[in-house]
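Asks: Please read through the structure below; I'll follow up with questions.
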Amino acid sequence: MESDSFVREYLLLGLGFDRLEEGFVDAYTGDPALRRQVENAPKPDPRDLARTAANLRAELPSAGLSEERTRFLDVHLRALECSGRKFAGDDVGFVDEVEAYFDVRIERGDEEQYREAHRKMDAVLPGPGPLAERIRIHRAKDAIPADRLQECVDAFSSALRDLVRQHYALPESEVVEYEVVGDKPWSGFNYYLGDYRSKVAINSDLEQHMANLPRLIAHESYPGHHTEHCRKEAGLVGAGQLEQTLFVVNTPQCLMAEGLADLALEAIVGSDWGLWAQEIYADLGLRFDGEQAQRLSGASGQLLGVRQDAAMMLHDEGRSHDDVAAFLQRWSLSTPERARQSLRFLSSPLWRAYTSTYVEGYRLLGGWLAEVPVGAERSERFRRLLDEPLVPSVLRAGEGYLTAGG
């Protein structure tokens with residue numbers, strides 16, 4: 001099979017999954033005729049999709065594609081084969097499911113690290129009463145008034161966009177529109193529409209906090225998801241790598257994208273992001289202790305694995321929802337309501353494994369970036385994450401390839 005025909009079959013395969021579960025295709029910016037072809041065809045059998053993925057993977061070495069494209073398609077076809085089997089009702093162990101989807105092998109975290117995180121957080125927020133209650137009071141004070149949220153979103157989006165444009169070229173026509181929504185299992189979501197346009201939805205059901213909003217905007221827009229989509233559309237898709245017009249959930253693409261986005265704020269602003277944010281809030285007439293926010297964020301970062309542990313408890317160990325909610329409340333110091341919101345995400349058939357993209361993505365990409373000094377080398381590595389079709393196993397092996405056609 002010629003390379004163009006092979007990529008076309010890959011795109012048809014991925015688009016087919018959206019007929020089984022709407023939202024499986026997170027973004028598609030390719031030939032609309034392919035999408036119409038899938039939409040006008042009978043609903044596919046998930047076993048046929050799994051079989052097609054396996055057959056394409058077997059044919060991949062002879063498709064005449066470059067090494068980077070072959071590596072990318074190989075792990076994505078493995079992920080789609082697993083998704084087909086899951087939709088067909090096969091019993092796939094949770095750890096194996098995560099590995100097939102995201103090209104990583106997960107394990108339970110170390111609760112001693114979580115205790116250490118609590119000790120550090122206690123030092124940042126000293127005082128009487130349980131730490132969880134002090135955290136709750138702190139978060140309440142940190143909440144952004146609902147009538148100021150849009151103003152704050154616009155301010156940080158503009159400031160981050162200016163910074164990104166100083167370091168990484170963006171198409172002149174790129175734009176992000178923001179909207180507030182409700183009844184969603186996530187805090188924010190980027191809908192990439194193609195042609196360098198994104199719509200970012202922010203969940204009004206969850207209080208938005210001053211300490212988190214800069215990270216949220218960096219994650220979804222600049223230099224996170226929107227920036228990555230724009231640069232890959234201009235670069236890879238422009239060079240003929242049409243497989244990059246498709247972005248589907250539960251694939252290594254997601255782990256790379258979420259890891260990049262979670263590292264986006266520090267990558268573009270630096271370690272003093274809190275002090276930077278403090279000045280922007282001051283211009284808006286809002287008081288924000290940036291240094292305290294930085295210290296608290298650094299301490300709570302050691303709790304990263306709690307959500308993944310909760311997913312493993314739920315799906316790998318068969319623990320009850322009540323047990324998992326209690327675990328989340330204990331270690332993440334969250335309210336019962338927020339723990340249940342997290343549990344909703346972890347329980348979703350489509351999203352249940354997805355929490356690993358944040359946990360393992362942050363660890364893997366953060367470790368890879370930290371191998372080089374802050375400055376030009378670190379900035380160059382982040383650019384490669386924005387521009388190249390890298391996959392987790394490449395970073396783990398200490399490999400890397402420069403973008404080329406083929």
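Just so we're on the same page: first chain in the structure tokens is A, next is B, and so on; residues restart at 1 for each chain, and ligands are numbered from 1 in the order they show up.
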Compile the contact shell of Tyr281 (chain A) as a list in words: residues with an atom at most 10 Å away, counting only C-alpha atoms, same-chain residues fewer than 6 positions apart removed.

Replies: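 Listed by chain and then number, they are Cys152, Ala155, Phe156, Met210, Leu275, Arg287, Phe288, Asp289 and Gly290 of chain A.
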
Asks: Generate the output file for the selected residues, C-alpha atoms, as a PDB file, in the first residue's frame.

Replies:
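Generated file (part_37.pdb):
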```pdb
ATOM      1  CA  CYS A 152      -9.322  37.613  34.084  1.00  0.00           C
ATOM      2  CA  ALA A 155      -6.092  39.368  30.566  1.00  0.00           C
ATOM      3  CA  PHE A 156      -4.090  36.155  30.937  1.00  0.00           C
ATOM      4  CA  MET A 210      -6.610  32.801  40.909  1.00  0.00           C
ATOM      5  CA  LEU A 275       4.921  36.767  40.842  1.00  0.00           C
ATOM      6  CA  ARG A 287      -5.010  40.750  45.482  1.00  0.00           C
ATOM      7  CA  PHE A 288      -2.986  37.611  44.867  1.00  0.00           C
ATOM      8  CA  ASP A 289       0.040  36.295  46.758  1.00  0.00           C
ATOM      9  CA  GLY A 290       2.188  34.966  43.934  1.00  0.00           C
TER      10      GLY A 290
END
```

Asks: Near Arg19 (chain A), within 10 Å and counting only C-alpha atoms, which residues show up once chain neighbours fewer than 5 positions away are dropped, as a count of residues only?

Replies: 11

Asks: Find the spatial neighbours of Leu328 (chain A), counting only C-alpha atoms, within a cut-off of 12 Å - ignore same-chain residues fewer than 6 positions away - and output them as a PyMOL selection string.

Replies: chain A and resi 114+132+303-311+313-314+321-322+334-343+346

Asks: Which one of A:Ser62, A:Asn212, A:Ser83, A:Thr245 sits closest to His229 (chain A) if you count only C-alpha atoms?

Replies: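 Of all the options, A:Thr245 lies closest to His229 (chain A).
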
Asks: Just checking: using only C-alpha atoms, which residue out of A:Lys199, A:Arg215, A:Lys86, A:Arg165 ends up closest to Tyr178 (chain A)?

Replies: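 Smallest separation from Tyr178 (chain A) among the options: A:Lys199.
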
Asks: What's the separation between CA of Val92 (chain A) and CA of Arg51 (chain A), in Å to one decimal place?

Replies: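 That distance, rounded to one decimal, is 16.0 Å.
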
Asks: Taking into account only C-alpha atoms, which residue in the set A:Glu99, A:Asp162, A:Glu207, A:Glu67 is nearest to Leu149 (chain A)?

Replies: A:Glu207

Asks: Extract the full set of helix (DSSP H, G or I) residues from region 3-248 of chain A according to DSSP on the backbone, and format it as a PyMOL selection string.

Replies: chain A and resi 3-20+32-40+46-62+67-87+94-102+111-124+131-142+146-167+213-220+225-237+242-245

Asks: Where in region 195-392 of chain A does DSSP assign strand (DSSP E), given as a PyMOL selection string?

Replies: chain A and resi 197-203+246-248

Asks: Pull all heavy atoms from the residues just selected and write them as a PDB file, in the first residue's frame.

Replies:
```pdb
ATOM      1  N   ARG A 197      -7.762  28.102  14.589  1.00  0.00           N
ATOM      2  CA  ARG A 197      -8.817  28.620  15.468  1.00  0.00           C
ATOM      3  C   ARG A 197      -9.145  27.591  16.542  1.00  0.00           C
ATOM      4  O   ARG A 197      -9.248  26.395  16.260  1.00  0.00           O
ATOM      5  CB  ARG A 197     -10.084  28.929  14.672  1.00  0.00           C
ATOM      6  CG  ARG A 197      -9.939  30.030  13.626  1.00  0.00           C
ATOM      7  CD  ARG A 197     -11.202  30.177  12.788  1.00  0.00           C
ATOM      8  NE  ARG A 197     -11.473  28.941  12.054  1.00  0.00           N
ATOM      9  CZ  ARG A 197     -12.572  28.201  12.210  1.00  0.00           C
ATOM     10  NH1 ARG A 197     -13.498  28.564  13.081  1.00  0.00           N
ATOM     11  NH2 ARG A 197     -12.736  27.120  11.500  1.00  0.00           N
ATOM     12  N   SER A 198      -9.332  28.059  17.762  1.00  0.00           N
ATOM     13  CA  SER A 198      -9.754  27.206  18.871  1.00  0.00           C
ATOM     14  C   SER A 198     -10.920  27.849  19.608  1.00  0.00           C
ATOM     15  O   SER A 198     -11.016  29.080  19.683  1.00  0.00           O
ATOM     16  CB  SER A 198      -8.620  26.983  19.878  1.00  0.00           C
ATOM     17  OG  SER A 198      -7.652  26.085  19.393  1.00  0.00           O
ATOM     18  N   LYS A 199     -11.769  27.001  20.154  1.00  0.00           N
ATOM     19  CA  LYS A 199     -12.776  27.435  21.119  1.00  0.00           C
ATOM     20  C   LYS A 199     -12.439  26.753  22.435  1.00  0.00           C
ATOM     21  O   LYS A 199     -12.314  25.524  22.491  1.00  0.00           O
ATOM     22  CB  LYS A 199     -14.183  27.045  20.671  1.00  0.00           C
ATOM     23  CG  LYS A 199     -15.273  27.485  21.644  1.00  0.00           C
ATOM     24  CD  LYS A 199     -16.672  27.200  21.087  1.00  0.00           C
ATOM     25  CE  LYS A 199     -16.942  25.706  21.047  1.00  0.00           C
ATOM     26  NZ  LYS A 199     -18.328  25.411  20.601  1.00  0.00           N
ATOM     27  N   VAL A 200     -12.227  27.535  23.484  1.00  0.00           N
ATOM     28  CA  VAL A 200     -11.890  26.987  24.794  1.00  0.00           C
ATOM     29  C   VAL A 200     -13.098  27.150  25.717  1.00  0.00           C
ATOM     30  O   VAL A 200     -13.584  28.271  25.922  1.00  0.00           O
ATOM     31  CB  VAL A 200     -10.643  27.672  25.388  1.00  0.00           C
ATOM     32  CG1 VAL A 200     -10.456  27.280  26.854  1.00  0.00           C
ATOM     33  CG2 VAL A 200      -9.403  27.301  24.583  1.00  0.00           C
ATOM     34  N   ALA A 201     -13.572  26.032  26.238  1.00  0.00           N
ATOM     35  CA  ALA A 201     -14.701  26.041  27.170  1.00  0.00           C
ATOM     36  C   ALA A 201     -14.171  25.950  28.594  1.00  0.00           C
ATOM     37  O   ALA A 201     -13.278  25.141  28.881  1.00  0.00           O
ATOM     38  CB  ALA A 201     -15.627  24.861  26.882  1.00  0.00           C
ATOM     39  N   ILE A 202     -14.701  26.762  29.488  1.00  0.00           N
ATOM     40  CA  ILE A 202     -14.319  26.767  30.897  1.00  0.00           C
ATOM     41  C   ILE A 202     -15.539  26.390  31.716  1.00  0.00           C
ATOM     42  O   ILE A 202     -16.621  26.965  31.558  1.00  0.00           O
ATOM     43  CB  ILE A 202     -13.777  28.144  31.312  1.00  0.00           C
ATOM     44  CG1 ILE A 202     -12.498  28.456  30.513  1.00  0.00           C
ATOM     45  CG2 ILE A 202     -13.489  28.195  32.810  1.00  0.00           C
ATOM     46  CD1 ILE A 202     -11.922  29.823  30.769  1.00  0.00           C
ATOM     47  N   ASN A 203     -15.376  25.388  32.581  1.00  0.00           N
ATOM     48  CA  ASN A 203     -16.494  24.812  33.329  1.00  0.00           C
ATOM     49  C   ASN A 203     -16.899  25.709  34.497  1.00  0.00           C
ATOM     50  O   ASN A 203     -16.117  25.917  35.424  1.00  0.00           O
ATOM     51  CB  ASN A 203     -16.106  23.412  33.830  1.00  0.00           C
ATOM     52  CG  ASN A 203     -17.270  22.657  34.430  1.00  0.00           C
ATOM     53  OD1 ASN A 203     -18.391  23.166  34.516  1.00  0.00           O
ATOM     54  ND2 ASN A 203     -17.021  21.423  34.846  1.00  0.00           N
ATOM     55  N   LEU A 246      -5.731  14.418  12.325  1.00  0.00           N
ATOM     56  CA  LEU A 246      -6.637  13.659  13.191  1.00  0.00           C
ATOM     57  C   LEU A 246      -6.086  13.606  14.609  1.00  0.00           C
ATOM     58  O   LEU A 246      -4.921  13.264  14.815  1.00  0.00           O
ATOM     59  CB  LEU A 246      -6.799  12.230  12.657  1.00  0.00           C
ATOM     60  CG  LEU A 246      -7.699  11.291  13.454  1.00  0.00           C
ATOM     61  CD1 LEU A 246      -9.169  11.697  13.307  1.00  0.00           C
ATOM     62  CD2 LEU A 246      -7.502   9.845  12.997  1.00  0.00           C
ATOM     63  N   PHE A 247      -6.926  13.966  15.577  1.00  0.00           N
ATOM     64  CA  PHE A 247      -6.542  13.880  16.985  1.00  0.00           C
ATOM     65  C   PHE A 247      -7.641  13.119  17.701  1.00  0.00           C
ATOM     66  O   PHE A 247      -8.770  13.602  17.804  1.00  0.00           O
ATOM     67  CB  PHE A 247      -6.376  15.280  17.586  1.00  0.00           C
ATOM     68  CG  PHE A 247      -5.637  15.308  18.892  1.00  0.00           C
ATOM     69  CD1 PHE A 247      -4.304  15.669  18.957  1.00  0.00           C
ATOM     70  CD2 PHE A 247      -6.283  14.945  20.063  1.00  0.00           C
ATOM     71  CE1 PHE A 247      -3.623  15.688  20.169  1.00  0.00           C
ATOM     72  CE2 PHE A 247      -5.612  14.964  21.276  1.00  0.00           C
ATOM     73  CZ  PHE A 247      -4.276  15.331  21.324  1.00  0.00           C
ATOM     74  N   VAL A 248      -7.330  11.898  18.150  1.00  0.00           N
ATOM     75  CA  VAL A 248      -8.339  11.054  18.799  1.00  0.00           C
ATOM     76  C   VAL A 248      -7.934  10.772  20.239  1.00  0.00           C
ATOM     77  O   VAL A 248      -6.740  10.719  20.573  1.00  0.00           O
ATOM     78  CB  VAL A 248      -8.553   9.720  18.032  1.00  0.00           C
ATOM     79  CG1 VAL A 248      -9.227   9.967  16.714  1.00  0.00           C
ATOM     80  CG2 VAL A 248      -7.230   8.990  17.814  1.00  0.00           C
TER      81      VAL A 248
END
```

Asks: Taking only C-alpha atoms into account, which of A:His315, A:Arg71, A:Arg396, A:Arg352 comes nearest Asp91 (chain A)?

Replies: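 Checking each candidate against Asp91 (chain A), we get A:His315 as the closest.
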
Asks: For each of A:Leu255, A:Ala211, A:Thr70, A:Asn250, take the minimum atom-to-atom distance to Gln278 (chain A), counting only C-alpha atoms, then give the residue where this is smallest.

Replies: A:Ala211

Asks: Could you give me, as a list in words, the residues within 9 Å of Leu263 (chain A), counting only C-alpha atoms and dropping anything in the same chain fewer than 6 positions from it?

Replies: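 The neighbour list is Arg215, Ala218, His219, Gly224, Tyr362, Leu365 and Gly366 of chain A.
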
Asks: Given only C-alpha atoms as the basis, pick out the residue of A:Leu131, A:Ile106, A:Val176, A:Ala353 nearest to His118 (chain A).

Replies: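 Closest to His118 (chain A) of all the choices is A:Leu131.
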
Asks: Please measure the separation of CA of Glu81 (chain A) and CA of Ala54 (chain A), giving the value in Å to one decimal.

Replies: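 Between CA of Glu81 (chain A) and CA of Ala54 (chain A) the gap works out to 6.2 Å.
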
Asks: Any idea what's packed within 9 Å of Ala261 (chain A), counting only C-alpha atoms, ignoring anything in its chain fewer than 3 positions away? Could you give it as a PyMOL selection string?

Replies: chain A and resi 215-216+218-225+228+256-258+264-265+362

Asks: Do you have the CA of Glu388 (chain A)-CA of Leu34 (chain A) distance handy?

Replies: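 Computed distance, CA of Glu388 (chain A) to CA of Leu34 (chain A), equals 24.6 Å.
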